[in-house]
Structure formats: C-alpha cells, structure tokens
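One file, input.cif, is given below (mmCIF, C-alpha atoms).
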```cif
data_coords
loop_
_atom_site.label_atom_id
_atom_site.label_comp_id
_atom_site.auth_asym_id
_atom_site.auth_seq_id
_atom_site.Cartn_x
_atom_site.Cartn_y
_atom_site.Cartn_z
CA MET A 1 -37.76 -30.23 -69.65
CA ASN A 2 -34.96 -29.30 -67.31
CA TYR A 3 -34.95 -25.48 -66.91
CA LEU A 4 -31.44 -25.56 -65.63
CA LEU A 5 -30.16 -26.61 -69.03
CA GLN A 6 -31.80 -23.54 -70.54
CA LEU A 7 -29.55 -21.14 -68.53
CA ASN A 8 -26.62 -19.55 -70.29
CA LYS A 9 -23.50 -21.08 -68.73
CA SER A 10 -21.30 -18.07 -69.40
CA LEU A 11 -23.84 -15.81 -67.70
CA VAL A 12 -23.86 -18.08 -64.67
CA LEU A 13 -20.07 -18.02 -64.58
CA ILE A 14 -19.97 -14.22 -64.81
CA PHE A 15 -22.55 -14.00 -62.04
CA LEU A 16 -20.51 -16.29 -59.80
CA ILE A 17 -17.30 -14.31 -60.41
CA PHE A 18 -19.19 -11.09 -59.68
CA LEU A 19 -20.59 -12.58 -56.50
CA THR A 20 -17.13 -13.69 -55.39
CA ILE A 21 -15.67 -10.22 -56.01
CA ILE A 22 -18.52 -8.56 -54.10
CA SER A 23 -18.02 -11.00 -51.21
CA LEU A 24 -14.30 -10.34 -51.10
CA VAL A 25 -14.76 -6.56 -51.23
CA PHE A 26 -17.38 -6.75 -48.48
CA PHE A 27 -15.10 -8.92 -46.38
CA PHE A 28 -12.20 -6.46 -46.55
CA VAL A 29 -14.31 -3.30 -46.20
CA LYS A 30 -16.16 -4.77 -43.23
CA ASP A 31 -12.88 -5.58 -41.53
CA GLU A 32 -11.65 -2.05 -42.15
CA ILE A 33 -14.85 -0.48 -40.80
CA LEU A 34 -14.82 -2.60 -37.67
CA SER A 35 -11.17 -1.95 -36.93
CA LYS A 36 -11.47 1.80 -37.45
CA SER A 37 -12.29 2.49 -33.83
CA ILE A 38 -9.46 0.31 -32.58
CA ILE A 39 -6.19 2.15 -32.83
CA LYS A 40 -3.60 -0.29 -34.02
CA PHE A 41 -0.60 1.87 -33.38
CA ASP A 42 1.71 -1.10 -33.16
CA THR A 43 1.20 -1.89 -36.82
CA ILE A 44 2.51 1.43 -38.07
CA SER A 45 5.55 0.85 -40.20
CA ASP A 46 8.81 2.13 -38.80
CA ASN A 47 9.92 3.32 -42.20
CA SER A 48 7.21 5.89 -42.87
CA PHE A 49 6.06 8.93 -40.94
CA ASP A 50 3.80 11.92 -41.43
CA ILE A 51 5.62 14.56 -39.42
CA LEU A 52 9.20 15.08 -38.37
CA ASN A 53 9.97 16.28 -34.84
CA PRO A 54 6.34 16.73 -33.83
CA LYS A 55 5.60 18.89 -30.80
CA PHE A 56 2.39 19.10 -28.83
CA THR A 57 1.24 20.32 -25.44
CA ILE A 58 -1.13 19.24 -22.69
CA ASN A 59 -2.44 22.17 -20.67
CA ASN A 60 -3.99 22.15 -17.25
CA ALA A 61 -4.45 24.72 -14.52
CA ASN A 62 -1.16 23.88 -12.82
CA GLU A 63 1.26 23.04 -15.60
CA ILE A 64 1.99 22.76 -19.28
CA ILE A 65 3.30 19.43 -20.48
CA THR A 66 5.18 19.60 -23.77
CA ILE A 67 5.47 16.45 -25.86
CA GLN A 68 8.27 15.94 -28.35
CA ALA A 69 9.32 13.05 -30.56
CA GLU A 70 11.40 12.38 -33.64
CA LYS A 71 8.56 10.99 -35.74
CA GLY A 72 4.78 11.21 -35.78
CA ASN A 73 2.11 9.34 -37.69
CA PHE A 74 -1.48 10.51 -37.81
CA LEU A 75 -3.99 7.73 -37.31
CA ASP A 76 -6.83 10.22 -37.72
CA ASN A 77 -7.39 13.90 -37.01
CA ASN A 78 -6.80 13.49 -33.27
CA ASN A 79 -4.68 10.41 -32.70
CA ILE A 80 -0.97 10.52 -33.44
CA VAL A 81 1.57 7.79 -32.89
CA LEU A 82 4.78 9.39 -31.68
CA GLU A 83 7.97 7.42 -32.10
CA ASN A 84 11.65 7.58 -31.25
CA ASN A 85 12.85 9.53 -28.23
CA VAL A 86 9.40 10.59 -27.12
CA VAL A 87 9.67 13.02 -24.22
CA PHE A 88 6.92 14.47 -22.03
CA LYS A 89 8.25 17.46 -20.17
CA SER A 90 6.77 19.77 -17.56
CA ASN A 91 8.27 21.92 -14.84
CA LYS A 92 7.75 18.98 -12.47
CA PHE A 93 8.76 15.89 -14.45
CA LYS A 94 9.95 14.23 -17.64
CA ILE A 95 8.76 10.95 -19.14
CA TYR A 96 10.82 9.11 -21.74
CA SER A 97 9.46 6.43 -24.04
CA SER A 98 10.04 5.00 -27.51
CA LYS A 99 6.45 4.93 -28.73
CA VAL A 100 3.38 6.80 -27.50
CA LEU A 101 -0.16 7.25 -28.76
CA PHE A 102 -1.23 10.85 -28.22
CA ASP A 103 -4.83 12.04 -28.42
CA LYS A 104 -4.84 15.75 -29.23
CA LYS A 105 -8.54 16.25 -28.60
CA ASN A 106 -8.78 14.54 -25.22
CA GLN A 107 -5.26 15.50 -24.16
CA THR A 108 -4.39 11.93 -23.26
CA ALA A 109 -1.37 9.77 -23.96
CA TYR A 110 -0.79 6.04 -23.84
CA SER A 111 2.23 3.83 -24.23
CA LYS A 112 2.88 0.11 -23.94
CA LYS A 113 6.61 0.48 -24.26
CA ASN A 114 9.15 0.69 -21.45
CA SER A 115 8.95 4.16 -19.95
CA THR A 116 11.05 6.16 -17.54
CA PHE A 117 9.65 8.97 -15.37
CA ILE A 118 12.06 11.38 -13.75
CA SER A 119 11.22 14.19 -11.34
CA GLU A 120 13.04 15.76 -8.42
CA GLY A 121 14.19 12.87 -6.24
CA THR A 122 12.05 10.31 -8.07
CA THR A 123 12.66 7.82 -10.86
CA ILE A 124 10.00 5.40 -12.12
CA GLU A 125 10.58 2.57 -14.58
CA SER A 126 7.47 0.87 -15.96
CA LYS A 127 6.07 -1.18 -18.83
CA GLY A 128 4.22 1.76 -20.33
CA PHE A 129 2.10 4.60 -19.02
CA GLU A 130 -1.11 6.52 -19.49
CA ILE A 131 -1.76 10.22 -19.01
CA THR A 132 -5.35 11.31 -18.42
CA ASP A 133 -7.28 14.19 -16.86
CA LYS A 134 -5.10 16.74 -18.72
CA GLY A 135 -1.96 15.42 -17.12
CA ASN A 136 -3.22 15.34 -13.54
CA ILE A 137 -3.32 11.54 -13.48
CA ILE A 138 -0.33 9.54 -14.68
CA GLN A 139 -0.64 5.78 -14.53
CA PHE A 140 2.42 3.59 -14.93
CA ASN A 141 1.52 0.09 -16.00
CA GLY A 142 2.85 -3.40 -15.41
CA LYS A 143 5.74 -4.31 -13.19
CA THR A 144 6.99 -0.97 -11.94
CA LYS A 145 10.03 0.13 -9.98
CA ILE A 146 10.18 3.45 -8.17
CA MET A 147 13.29 4.91 -6.65
CA LEU A 148 12.91 7.78 -4.22
CA LEU A 149 15.92 9.84 -3.20
CA LYS A 150 15.93 11.81 0.01
CA MET B 22 33.85 -14.46 -21.38
CA ILE B 23 33.77 -10.97 -22.90
CA LYS B 24 30.12 -11.51 -23.88
CA LEU B 25 29.29 -12.52 -20.32
CA PHE B 26 31.03 -9.42 -19.02
CA ILE B 27 29.07 -7.20 -21.42
CA ILE B 28 25.79 -8.85 -20.38
CA ILE B 29 26.60 -8.29 -16.70
CA ILE B 30 27.49 -4.65 -17.34
CA PHE B 31 24.29 -4.14 -19.38
CA PHE B 32 21.99 -5.54 -16.74
CA SER B 33 23.72 -3.81 -13.87
CA SER B 34 23.45 -0.45 -15.59
CA SER B 35 19.90 -0.80 -16.93
CA THR B 36 18.16 -1.56 -13.62
CA LEU B 37 17.74 0.69 -10.62
CA SER B 38 19.21 -0.69 -7.43
CA ARG B 39 18.78 0.86 -4.01
CA GLU B 40 21.59 2.68 -2.27
CA VAL B 41 21.78 4.03 1.27
CA GLY B 42 19.35 6.93 1.71
CA GLN B 43 17.10 5.78 -1.10
CA THR B 44 13.65 4.23 -0.99
CA GLU B 45 12.87 1.47 -3.48
CA ILE B 46 9.27 0.63 -4.37
CA THR B 47 8.23 -2.25 -6.58
CA THR B 48 4.73 -3.19 -7.72
CA ASP B 49 3.28 -5.86 -10.02
CA GLU B 50 0.51 -3.72 -11.47
CA GLY B 51 1.96 -0.27 -11.60
CA ILE B 52 1.39 3.05 -9.95
CA GLU B 53 -1.19 5.77 -10.46
CA VAL B 54 -0.05 9.30 -9.63
CA PHE B 55 -2.63 11.98 -8.78
CA GLN B 56 -0.64 15.17 -9.03
CA ASN B 57 -3.27 17.65 -7.82
CA GLU B 58 -4.43 15.47 -4.95
CA LYS B 59 -0.80 14.71 -4.06
CA TYR B 60 -0.94 10.99 -3.61
CA TYR B 61 -0.11 7.86 -5.57
CA LEU B 62 -1.61 4.39 -5.62
CA LEU B 63 0.69 1.39 -5.72
CA LYS B 64 -1.06 -1.71 -6.97
CA ASN B 65 -0.61 -5.42 -6.26
CA ASN B 66 2.29 -7.08 -4.47
CA VAL B 67 3.74 -3.78 -3.32
CA GLN B 68 7.10 -3.69 -1.56
CA ILE B 69 8.70 -0.56 -0.13
CA ILE B 70 12.27 -0.79 1.15
CA SER B 71 14.03 2.15 2.79
CA ASP B 72 16.78 2.61 5.36
CA ASP B 73 14.15 2.90 8.08
CA PHE B 74 11.53 0.32 7.16
CA GLN B 75 10.27 -2.39 4.83
CA LEU B 76 6.60 -2.56 3.93
CA ASP B 77 4.74 -5.30 2.05
CA ALA B 78 1.05 -4.97 1.05
CA ASP B 79 -1.45 -5.59 -1.72
CA LEU B 80 -2.44 -1.95 -2.16
CA VAL B 81 -0.69 1.18 -0.93
CA LYS B 82 -1.81 4.79 -1.06
CA ALA B 83 1.07 7.17 -0.39
CA TYR B 84 0.45 10.85 0.30
CA PHE B 85 3.27 13.27 -0.42
CA GLU B 86 3.88 16.87 0.55
CA LYS B 87 5.54 18.48 -2.47
CA ASN B 88 7.41 15.80 -4.38
CA MET B 89 6.79 12.09 -4.59
CA TYR B 90 9.71 11.24 -2.32
CA ASP B 91 8.37 13.50 0.40
CA ILE B 92 5.94 10.91 1.82
CA VAL B 93 3.89 12.08 4.80
CA LYS B 94 1.40 9.23 5.14
CA ILE B 95 1.01 5.70 3.85
CA GLU B 96 -2.29 3.79 3.84
CA CYS B 97 -2.00 0.06 3.11
CA GLU B 98 -4.48 -2.73 2.56
CA GLY B 99 -4.26 -6.51 2.24
CA SER B 100 -1.73 -8.71 4.05
CA VAL B 101 0.22 -5.74 5.35
CA VAL B 102 3.58 -6.34 7.03
CA LEU B 103 5.67 -3.42 8.25
CA THR B 104 9.15 -4.03 9.64
CA SER B 105 11.11 -1.06 10.94
CA SER B 106 14.83 -0.82 11.48
CA LYS B 107 14.09 -0.11 15.17
CA GLY B 108 12.59 -3.58 15.53
CA VAL B 109 8.87 -2.92 15.11
CA ILE B 110 6.96 -5.67 13.29
CA ALA B 111 3.38 -4.67 12.48
CA LYS B 112 0.88 -6.90 10.69
CA GLY B 113 -2.76 -6.47 9.77
CA GLN B 114 -5.46 -6.17 7.16
CA LYS B 115 -5.11 -2.38 7.03
CA LEU B 116 -2.24 -0.24 8.20
CA ASN B 117 -1.73 3.52 8.20
CA PHE B 118 1.77 4.78 8.77
CA SER B 119 3.33 8.23 9.05
CA PRO B 120 7.09 7.85 8.48
CA LYS B 121 7.91 11.28 9.88
CA ASN B 122 5.75 11.05 13.01
CA GLU B 123 6.43 7.30 13.40
CA ASP B 124 2.73 6.86 13.98
CA ILE B 125 1.32 3.41 13.15
CA VAL B 126 -2.37 2.47 13.06
CA ILE B 127 -3.34 -1.16 12.35
CA LEU B 128 -6.94 -2.10 11.69
CA GLY B 129 -8.85 -5.36 11.32
CA ILE B 130 -8.91 -8.92 12.58
CA ASN B 131 -5.58 -10.39 13.74
CA SER B 132 -3.83 -7.03 13.92
CA SER B 133 -0.52 -7.29 15.70
CA LEU B 134 2.45 -5.17 16.61
CA ILE B 135 5.63 -6.52 18.15
CA TYR B 136 8.27 -4.14 19.39
CA ASP B 137 11.10 -5.89 21.16
CA LYS B 138 9.38 -7.71 24.01
CA LEU B 139 6.15 -5.75 23.77
CA ASN B 140 3.50 -7.74 21.95
CA MET B 141 0.16 -6.17 21.00
CA GLN B 142 -2.75 -8.01 19.43
CA SER B 143 -6.28 -6.90 18.54
CA ASP B 144 -9.22 -7.66 16.27
CA GLY B 145 -10.03 -3.95 16.16
CA LEU B 146 -7.38 -1.28 16.26
CA ILE B 147 -3.76 -0.92 17.39
CA GLU B 148 -2.31 2.56 17.42
CA VAL B 149 1.29 3.22 18.40
CA ASN B 150 3.40 6.34 18.26
CA ASN B 151 7.00 5.31 18.35
CA ILE B 152 8.25 8.80 19.22
CA ASN B 153 6.20 9.53 22.33
CA GLY B 154 5.54 5.86 23.15
CA LYS B 155 1.78 6.25 23.45
CA PHE B 156 -0.33 3.30 22.39
CA ASN B 157 -4.00 2.41 22.13
CA LEU B 158 -5.60 -0.98 21.55
CA ASN B 159 -9.33 -1.10 20.94
CA GLY B 160 -11.71 -3.87 20.00
CA LYS B 161 -12.29 -7.54 20.63
CA ASN B 162 -9.38 -9.77 21.67
CA SER B 163 -7.15 -6.81 22.45
CA GLU B 164 -4.10 -7.99 24.33
CA LEU B 165 -0.81 -6.54 25.48
CA LYS B 166 1.98 -8.67 26.87
CA ASN B 167 5.66 -8.78 27.61
CA ASP B 168 7.85 -11.16 29.60
CA SER B 169 6.30 -10.25 32.95
CA ILE B 170 2.69 -9.22 32.30
CA GLN B 171 -0.29 -10.05 30.11
CA ILE B 172 -3.23 -7.63 29.78
CA ILE B 173 -6.52 -8.49 28.10
CA GLY B 174 -9.36 -6.00 27.61
CA ASP B 175 -11.58 -4.22 25.08
CA ALA B 176 -9.62 -1.00 25.46
CA ILE B 177 -5.98 -0.76 26.49
CA LYS B 178 -4.39 2.67 26.55
CA GLY B 179 -0.92 3.46 27.76
CA GLU B 180 2.60 4.61 27.26
CA TYR B 181 5.92 2.82 26.99
CA LYS B 182 9.47 4.02 27.37
CA THR B 183 12.78 2.50 26.42
CA ILE B 184 14.68 1.97 29.67
CA ASN B 185 18.17 0.44 29.42
CA GLY B 186 17.37 -0.74 25.90
CA ILE B 187 14.14 -2.46 26.97
CA ASN B 188 10.68 -1.16 26.11
CA GLU B 189 8.76 -0.95 29.36
CA VAL B 190 5.15 0.05 29.90
CA ILE B 191 5.15 3.06 32.22
CA ASN B 192 1.41 3.61 32.52
CA LEU B 193 -1.72 1.83 31.48
CA ILE B 194 -5.53 2.05 31.58
CA VAL B 195 -7.50 -1.08 30.73
CA THR B 196 -11.27 -1.32 30.44
CA ASP B 197 -13.66 -4.01 29.31
CA SER B 198 -17.44 -4.04 29.08
CA ASN B 199 -17.40 -7.56 30.58
CA ILE B 200 -14.15 -8.05 32.48
CA ALA B 201 -10.53 -7.08 31.91
CA ASN B 202 -7.76 -9.50 32.85
CA ILE B 203 -4.21 -8.85 34.02
CA ILE B 204 -1.85 -11.75 34.54
CA THR B 205 1.53 -11.45 36.23
CA GLU B 206 3.93 -14.16 37.34
CA LYS B 207 2.09 -14.64 40.66
CA LEU B 208 -1.32 -12.98 40.23
CA ASN B 209 -4.30 -13.37 37.97
CA MET B 210 -6.48 -10.28 38.25
CA PHE B 211 -9.92 -9.42 36.88
CA ALA B 212 -11.83 -6.14 36.96
CA ILE B 213 -13.97 -3.85 34.81
CA LYS B 214 -11.20 -1.27 34.84
CA ALA B 215 -7.52 -1.44 35.73
CA THR B 216 -4.72 1.08 35.88
CA TYR B 217 -0.96 0.70 36.18
CA PHE B 218 1.73 3.25 37.03
CA LYS B 219 5.32 2.04 36.91
CA ASP B 220 6.71 4.95 38.96
CA LYS B 221 4.36 3.99 41.82
CA ASN B 222 4.76 0.22 41.22
CA LEU B 223 0.99 0.11 41.49
CA ILE B 224 -1.83 -1.74 39.76
CA GLU B 225 -5.32 -0.64 40.72
CA LEU B 226 -8.46 -2.62 39.93
CA PHE B 227 -11.98 -1.15 39.86
CA GLY B 228 -15.34 -2.97 39.75
CA ASN B 229 -16.06 -6.71 39.98
CA VAL B 230 -12.53 -7.27 41.26
CA LYS B 231 -11.16 -10.77 41.48
CA VAL B 232 -7.56 -11.52 42.45
CA ILE B 233 -6.36 -15.10 42.14
CA THR B 234 -3.12 -16.30 43.66
CA ASP B 235 -1.72 -19.80 44.05
CA ASN B 236 -3.90 -20.58 47.03
CA GLU B 237 -6.66 -17.97 47.29
CA ILE B 238 -9.27 -16.01 45.39
CA ILE B 239 -10.23 -12.56 46.67
CA LEU B 240 -13.37 -10.79 45.48
CA GLY B 241 -14.16 -7.12 46.00
CA ASP B 242 -14.82 -3.71 44.45
CA HIS B 243 -11.37 -2.17 44.50
CA ALA B 244 -7.86 -3.54 44.75
CA LYS B 245 -4.35 -2.14 45.00
CA ILE B 246 -1.42 -4.34 44.03
CA ASN B 247 2.22 -3.53 44.64
CA THR B 248 4.03 -4.83 41.57
CA LEU B 249 7.40 -5.04 43.36
CA THR B 250 6.28 -7.12 46.34
CA GLN B 251 3.18 -8.63 44.63
CA SER B 252 1.31 -7.78 47.83
CA TYR B 253 -2.29 -6.66 47.44
CA LYS B 254 -5.20 -5.11 49.29
CA VAL B 255 -8.78 -5.71 48.25
CA VAL B 256 -11.60 -3.58 49.61
CA SER B 257 -15.30 -3.26 49.07
CA LYS B 258 -17.77 -0.42 49.41
CA ASP B 259 -19.51 -2.68 51.88
CA SER B 260 -16.65 -4.02 54.00
CA THR B 261 -18.53 -7.23 54.68
CA LYS B 262 -18.59 -8.00 51.02
CA VAL B 263 -14.91 -8.90 50.59
CA LYS B 264 -14.76 -12.59 50.04
CA ILE B 265 -11.74 -14.84 50.33
CA LEU B 266 -11.80 -18.34 48.97
CA ILE B 267 -8.94 -20.46 50.21
CA ASN B 268 -7.65 -23.39 48.29
CA LYS B 269 -8.60 -26.62 50.11
CA SER B 270 -5.13 -28.14 49.84
CA ASP B 271 -3.73 -25.25 51.86
CA GLU B 272 -6.40 -25.26 54.54
#
```

If you convert what's in this file into structure tokens, what do you get?
Amino acid sequence: MNYLLQLNKSLVLIFLIFLTIISLVFFFVKDEILSKSIIKFDTISDNSFDILNPKFTINNANEIITIQAEKGNFLDNNNIVLENNVVFKSNKFKIYSSKVLFDKKNQTAYSKKNSTFISEGTTIESKGFEITDKGNIIQFNGKTKIMLLK
Amino acid sequence: MIKLFIIIIFFSSSTLSREVGQTEITTDEGIEVFQNEKYYLLKNNVQIISDDFQLDADLVKAYFEKNMYDIVKIECEGSVVLTSSKGVIAKGQKLNFSPKNEDIVILGINSSLIYDKLNMQSDGLIEVNNINGKFNLNGKNSELKNDSIQIIGDAIKGEYKTINGINEVINLIVTDSNIANIITEKLNMFAIKATYFKDKNLIELFGNVKVITDNEIILGDHAKINTLTQSYKVVSKDSTKVKILINKSDE
C-alpha cells in the first residue's frame, strides 16, 4: 500500500504554507540582521526626521567643533544622519554639507555629498569628507579643489 | 538663449577659479588635513598653480605654519614637475620645495633642474637655493652644463649668480671617486678633484690629471687652466712624471 496516500492532504497543505511563511520571515529577518551594521544613511526618507535643528559637538584638546543641521535622524543610539544645511564650525574653520552621518560615540563624521570647507584664506570644495581623531584629521574625498588666498 | 546664459552664469559662479595672488590646488583623490601636525596630504594627480610656480605630482605633503595657505615646505613624490615663474624647471621622482626660501631638493634617478642655460642632472640628489644661488649635485651621473662648459662628477658643489640676465657659475668644486670630467669648447679635462673660480678665471685640477686638447694629451698631478685664454700649466710632484702625448698628424 502506498503510504503517501494515507497522509491528510489538508495537513500537508497547511505544513507547506507554514514552511513558506517561516522561510519568508527568515529571509527578511536575516537581511535585516545582516544589514544592521551597515549604515544605510542614503535610504533615509527626506520626509521624516527624529529631531529638528540638532546640535552636537566634537571636543579635542585644541578646539570645540559644533555641528548644526536642520534635521536629524537617529539610526541607532550613536549614529545620526544630519540633513539640510549641515554646518561644522570651530574657531578655525567651517564645513558646509547637505547630508552628514555623525557618530556621537566616536566623535566622527562622514559625508558623501558635495562639501565646502572655509577657513582663513582657504576654501576647499570636495565630493564629501570625513572627520576622525576628534576633529584633528579632516579628509576631503574625491576630486577636490583648494583655493589658497595670500 | 536665456537658458544658455543662465547655465553659463550658474557654472561660472559655482566653481572656484584662480585669481592673481591665489594658489589653486586640484587633486583626484582628495586631501587629508592633519590640524595638530600642521600638514596636509594631497592625493593623486595633484596640481598646484600659483603666481610663482606650478607643481604637478602624484602625492604632495604640504606643511603650513599657522593656516593652510601659509605653506612653508612641500614634499612631493611621483613624476614631479616644478616650473617656477623665474624659469626654473625641476623634475624628479621626489622633490622637496620651500616656497619662502626658494630651496629645491630633487631626489632619485633622472633628477633634473634647468634654470635658463644652467642644466643640472643627477641620479642622486640636486639641491638648489634660488636666493643665494648655492647648488649641490650628489650621486651617480651628476652633471652640470651650460653653453660653454660641461662638468661630470659624483659631487658637484657651487654657486651661481645672475649676471646681465644670465645665470653664471661663479665657483665650483667637483669630486669623483673615479675621475671627474670638465669639458670646455677647447679642452677636455679629467681629475679626481676640480675647482673653478670665475673671478680668477681659473680651473684647477687635482690628482690623476689629464688635459686633452685638439692635438695633445697632458698627464700630471696638478693643473691650472686660465678660462679666458684657455692656456694651461700641468705639473707633477715628480717633475719627470709630466707626460705629453702629441697627436701624430701634428708631428
């Protein structure tokens, strides 16, 4: 006798549906878990934000860099995407950008958007920037133009 | 037409363009500023254009005094070409340059510096200070030449001065572990060491001296050559040692 014919068809169907749902849930959850460490700050919607006019600071032995923007979105406890008129300001320089990822804990900042650095006698235009080492190191990325005034 | 005008206005206002007194720097892979250490790194296909000079290199490290514009020293690597408004063309694998002191150091194989009619080459080091005119060439294939003289040696040290708009070597010390070579219009001279003083119109040769003219070769230990008259005197510690070889065709 064929044992397969003895199985309840509806039970098999329910089992298959259940298996499909589990697979789908696993697929989406897995994707979410894997992408958690990668900050996808470009995918943040322009229409929503967590904080209005956020303000932060980066402190080092020589200067305090204040960071201001019109909008801020928390990616997690430490990482905030700052948008619209983002300005980094210290007593030595200012950096303007439209979108910056700021890490509160590590006191770092990163932007892929066009950025302008202005300090006394110096203007830098770049395709983004990165601030590390509590503001001591500023890296301007991509094709960059620097204008020095005497 | 109006659209075209707007586009032109937009692009002309959104990009920085150099004016007199400004220095423009462009890079393909950005700039890294180290605020505490007071220097910045310019990366890949770097070009610096100022009123005084143009510099092209693969990597540039610029040290500044207080602000970024206040550059005191530039260190460059990779296909470096420096052209100054005064007419200096310097090329090499590595080049260090102090804009304020006008001090240029070129390092590596095929280093060269051309300033007007002065042409310096070396596979080691070329160092020139454009303010005091002192220069130093060191290493293999070091060579200094202008329209009237060619000097080849491991170490060439000297000083030049701009006289009536022409850069002229005013003094020179040349040494070579094997043999140094000085070539003028009429003389081909060899020695371990050679000196030149323009005010005395004198070239002196020391050790393993050989002076070649059109029709004779003179060997000795020491020689004095008058650069105006091209007359020369070769002596030896042992006076019998001076040897003159006369060209057969003139015998």

Place a sphere of radius 6 Å on (-3.9, 0.8, 0.5) in the file coordinates and name every protein, DNA or RNA residue with an atom inside or on its surface, counting only C-alpha atoms; give the answer as a PyMOL selection string. chain B and resi 80-82+96-98

Which residue out of B:Lys178, B:Lys138, B:Lys94, B:Lys64 has the minimum interatomic distance to Asp197 of chain B when only C-alpha atoms are used?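 Using only C-alpha atoms, Asp197 of chain B sits closest to B:Lys178.
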
Suppose a student applies the PyMOL selection byres ((chain A) within 6 of (chain B)) to this structure; what residues should they get, written as a PyMOL selection string? chain A and resi 136-149

Expand the PyMOL selection byres ((chain A and resi 52) around 7) into the individual residues it matches in the shown file, reporting them as a PyMOL selection string. chain A and resi 50-51+53-54+70-72

Output of the PyMOL selection byres ((chain B and resi 252) around 12), listed as a ChimeraX atom specification: /B:207-208,222-224,232,234,244-251,253-255

Compile the contact shell of Asn85 of chain A as a list in words: residues with an atom at most 7 Å away, counting only C-alpha atoms, same-chain residues fewer than 4 positions apart removed.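 Here the answer would be Ala69, Glu70, Tyr96, Ser97 and Ser98 of chain A.
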
Mind listing whatever residues come within 9 Å of the point (4.6, 9.6, -26.8)? Use all atoms listed in the file, file coordinates, and give them as a PyMOL selection string. chain A and resi 67-69+80-88+95-102+109-111

Using all atoms listed in the file, which of B:Leu158, B:Ile152, B:Val109, B:Ile204 sits nearest Tyr136 of chain B?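 Closest residue, counting all atoms listed in the file: B:Val109.
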
Could you tell me how far atom CA of Gln142 of chain B sits from atom CA of Ala215 of chain B, in Å to one decimal place?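 Computing it gives 18.2 Å between the two atoms.
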
Counting only C-alpha atoms, which residue out of A:Thr108, A:Thr122, A:Asn114, A:Asn77 sits closest to Lys92 of chain A?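 Answer, going by the shortest atom-to-atom distance: A:Thr122.
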
What gap, in Å, lies between atom CA of Asp103 of chain A and atom CA of Asn59 of chain A?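 According to the coordinates, atom CA of Asp103 of chain A and atom CA of Asn59 of chain A are separated by 13.0 Å.
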
Atom CA of Phe74 of chain A to atom CA of Phe117 of chain A measures 25.1 Å

Choose the residue, out of B:Leu139, B:Leu128, B:Ala201, B:Ile213, that has the smallest atom-to-atom separation from Lys166 of chain B; count all atoms listed in the file.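 Under the stated criterion, the closest residue is B:Leu139.
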
Place N, CA and C atoms on segment 210-221 of chain B and deliver the coordinates as a short mmCIF file (atom, residue, chain, number, x, y, z; two decimals), in the coordinates of the input.
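File produced: rebuild_8.cif:
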```cif
data_model
loop_
_atom_site.label_atom_id
_atom_site.label_comp_id
_atom_site.auth_asym_id
_atom_site.auth_seq_id
_atom_site.Cartn_x
_atom_site.Cartn_y
_atom_site.Cartn_z
N MET B 210 -5.55 -11.30 37.75
CA MET B 210 -6.48 -10.28 38.25
C MET B 210 -7.57 -9.97 37.23
N PHE B 211 -8.78 -9.76 37.74
CA PHE B 211 -9.92 -9.42 36.88
C PHE B 211 -10.60 -8.18 37.43
N ALA B 212 -11.06 -7.32 36.54
CA ALA B 212 -11.83 -6.14 36.96
C ALA B 212 -12.44 -5.50 35.72
N ILE B 213 -13.39 -4.58 35.97
CA ILE B 213 -13.97 -3.85 34.81
C ILE B 213 -12.96 -2.83 34.29
N LYS B 214 -12.22 -2.25 35.22
CA LYS B 214 -11.20 -1.27 34.84
C LYS B 214 -9.92 -1.51 35.65
N ALA B 215 -8.80 -1.29 35.02
CA ALA B 215 -7.52 -1.44 35.73
C ALA B 215 -6.56 -0.35 35.30
N THR B 216 -5.75 0.09 36.22
CA THR B 216 -4.72 1.08 35.88
C THR B 216 -3.36 0.59 36.39
N TYR B 217 -2.31 1.07 35.74
CA TYR B 217 -0.96 0.70 36.18
C TYR B 217 -0.04 1.91 36.04
N PHE B 218 0.74 2.17 37.08
CA PHE B 218 1.73 3.25 37.03
C PHE B 218 3.06 2.68 37.51
N LYS B 219 4.03 2.66 36.60
CA LYS B 219 5.32 2.04 36.91
C LYS B 219 6.06 2.80 38.01
N ASP B 220 5.98 4.17 37.97
CA ASP B 220 6.71 4.95 38.96
C ASP B 220 6.20 4.69 40.38
N LYS B 221 4.94 4.30 40.50
CA LYS B 221 4.36 3.99 41.82
C LYS B 221 4.36 2.49 42.10
#
```
